[in-house]
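A.B. asks: The structure is given below, and queries will be raised subsequently.
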Amino acid sequence: AILAEARSWIGTPYRHQASVKRVGCDCFGLVRGVWRALYGPEPEAVPPYSRDWGSVTGKEELMATAQRHMIEIDPEEIAPGDVAVFRIRRGTVAKHVGILSDADRFIHAQEGVPVCEVTLSQWWRRRIVGAFSFPGADR
């Protein structure tokens with residue numbers, strides 16, 4: 001169900017802070033949209049956030065949000081349907097997420113690109129700093 005829903009977002013245009021299938025979303029909005037389809041309303045209100053997330057404060061806001069509502073797993077154990085959290089640059093906070101679709105691919109939204117399914121290359125793998133399962137997901 002997770003992958004079917006995530007794949008149904010493919011082609012949704014990138015829109016910062018948005019989370020509406022076929023209208024627009026960012027990487028976090030994609031995960032939020034999948035959550036709503038599977039569980040109903042989001043567990044907490046999402047405050048406005050900048051593209052740099054917690055870069056100014058140094059707080060790991062994205063990781064903290066995932067820890068509050070999802071099941072944290074070892075990144076080495078990530079499996080299809082799980083959420084990967086990425087730190088794009090060393091020394092900065094994690095601020096990108098995607099949903100693993102198979103052992104070597106993931107679904108995500110990236111600025112300038114609609115939601116797509118791409119290869120989980122070594123470049124991306126090296127940047128995974130957290131992994132989470134949706135509550136009740138069959139692993």
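Chain labels A, B, ... are given in the sequence in which chains occur in the structure tokens; within each chain residues are numbered consecutively from 1, and ligands are likewise numbered from 1 in the order shown.
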Contacts of stretch 118-128 of chain A at 7 Å or less, counting only C-alpha atoms, minus same-chain residues fewer than 2 places along, as a PyMOL selection string?

C.D. replies: chain A and resi 84-88+104-107+116+130

A.B. asks: Show which residues sit within 7 Å of A:Phe134, as a list in words. Count only C-alpha atoms, and ignore same-chain residues fewer than 4 positions away.

C.D. replies: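 Here the qualifying residues turn out to be Met70, Ile71 and Asp82 of chain A.
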
A.B. asks: Which one of A:Ala131, A:Ala45, A:Cys25, A:Ala66 sits closest to A:Pro80 if you count only C-alpha atoms?

C.D. replies: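 With only C-alpha atoms as the atom set, the closest residue is A:Ala131.
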
A.B. asks: So which one's closest to A:Pro48, A:Cys27, A:His16, A:Ser101, A:Arg22? Using only C-alpha atoms, please.

C.D. replies: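 Closest to A:Pro48, using only C-alpha atoms: A:His16.
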
A.B. asks: For A:Gly112, which residue out of A:Arg7, A:Lys95, A:Arg36, A:Arg15 is the nearest one, using only C-alpha atoms?

C.D. replies: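 Closest candidate: A:Arg15.
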
A.B. asks: Tell me which protein, DNA and RNA residues are within 12 Å of A:Ala4, counting only C-alpha atoms, leaving out same-chain ones fewer than 3 positions away, and put them as a list of chain:residue names.

C.D. replies: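 Contacts, in chain order: A:Ala1, A:Arg7, A:Ser8, A:Trp9, A:Ile10, A:Val34, A:Ala37, A:Leu38, A:Pro80, A:Gly81, A:Ile99, A:Leu100, A:Ser101, A:Ile107.
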
A.B. asks: Pull the alpha helix (DSSP H) assignments for stretch 5-73 of chain A out of DSSP run on the backbone, and list those residues as a VMD selection string.

C.D. replies: chain A and resid 5 to 8 27 to 39 61 to 69

A.B. asks: Please compute the atom CA of A:Pro47-atom CA of A:Gly33 distance, one decimal, in Å.

C.D. replies: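 One can read the atom CA of A:Pro47 to atom CA of A:Gly33 distance as 15.7 Å.
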
A.B. asks: DSSP on the backbone: which residues in chain A end up as strand (DSSP E)? Give the answer as an NGL selection string.

C.D. replies: :A and (19-20 or 24-25 or 71-73 or 83-86 or 96-102 or 105-110 or 113-119 or 128-133)

A.B. asks: Go through A:Val115, A:Ile73, A:Met63, A:Ala79 and flag the residue nearest A:Ala94, using only C-alpha atoms for the distances.

C.D. replies: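 Residue with the minimum atom-to-atom distance to A:Ala94: A:Met63.
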
A.B. asks: List the spatial neighbours of A:Gly29 as a ChimeraX atom specification - criterion: any atom at most 10 Å away, only C-alpha atoms, same-chain residues fewer than 3 positions off excluded.

C.D. replies: /A:14-21,24-26,32-35,46,97,108-109

A.B. asks: Tell me, in Å to one decimal, how far atom CA of A:Gln67 is from atom CA of A:Ala6.

C.D. replies: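 It comes out at 20.3 Å.
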
A.B. asks: Could you check how far atom CA of A:His69 sits from atom CA of A:Phe132, in Å to one decimal?

C.D. replies: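 About the pair atom CA of A:His69 and atom CA of A:Phe132: they are 9.4 Å apart.
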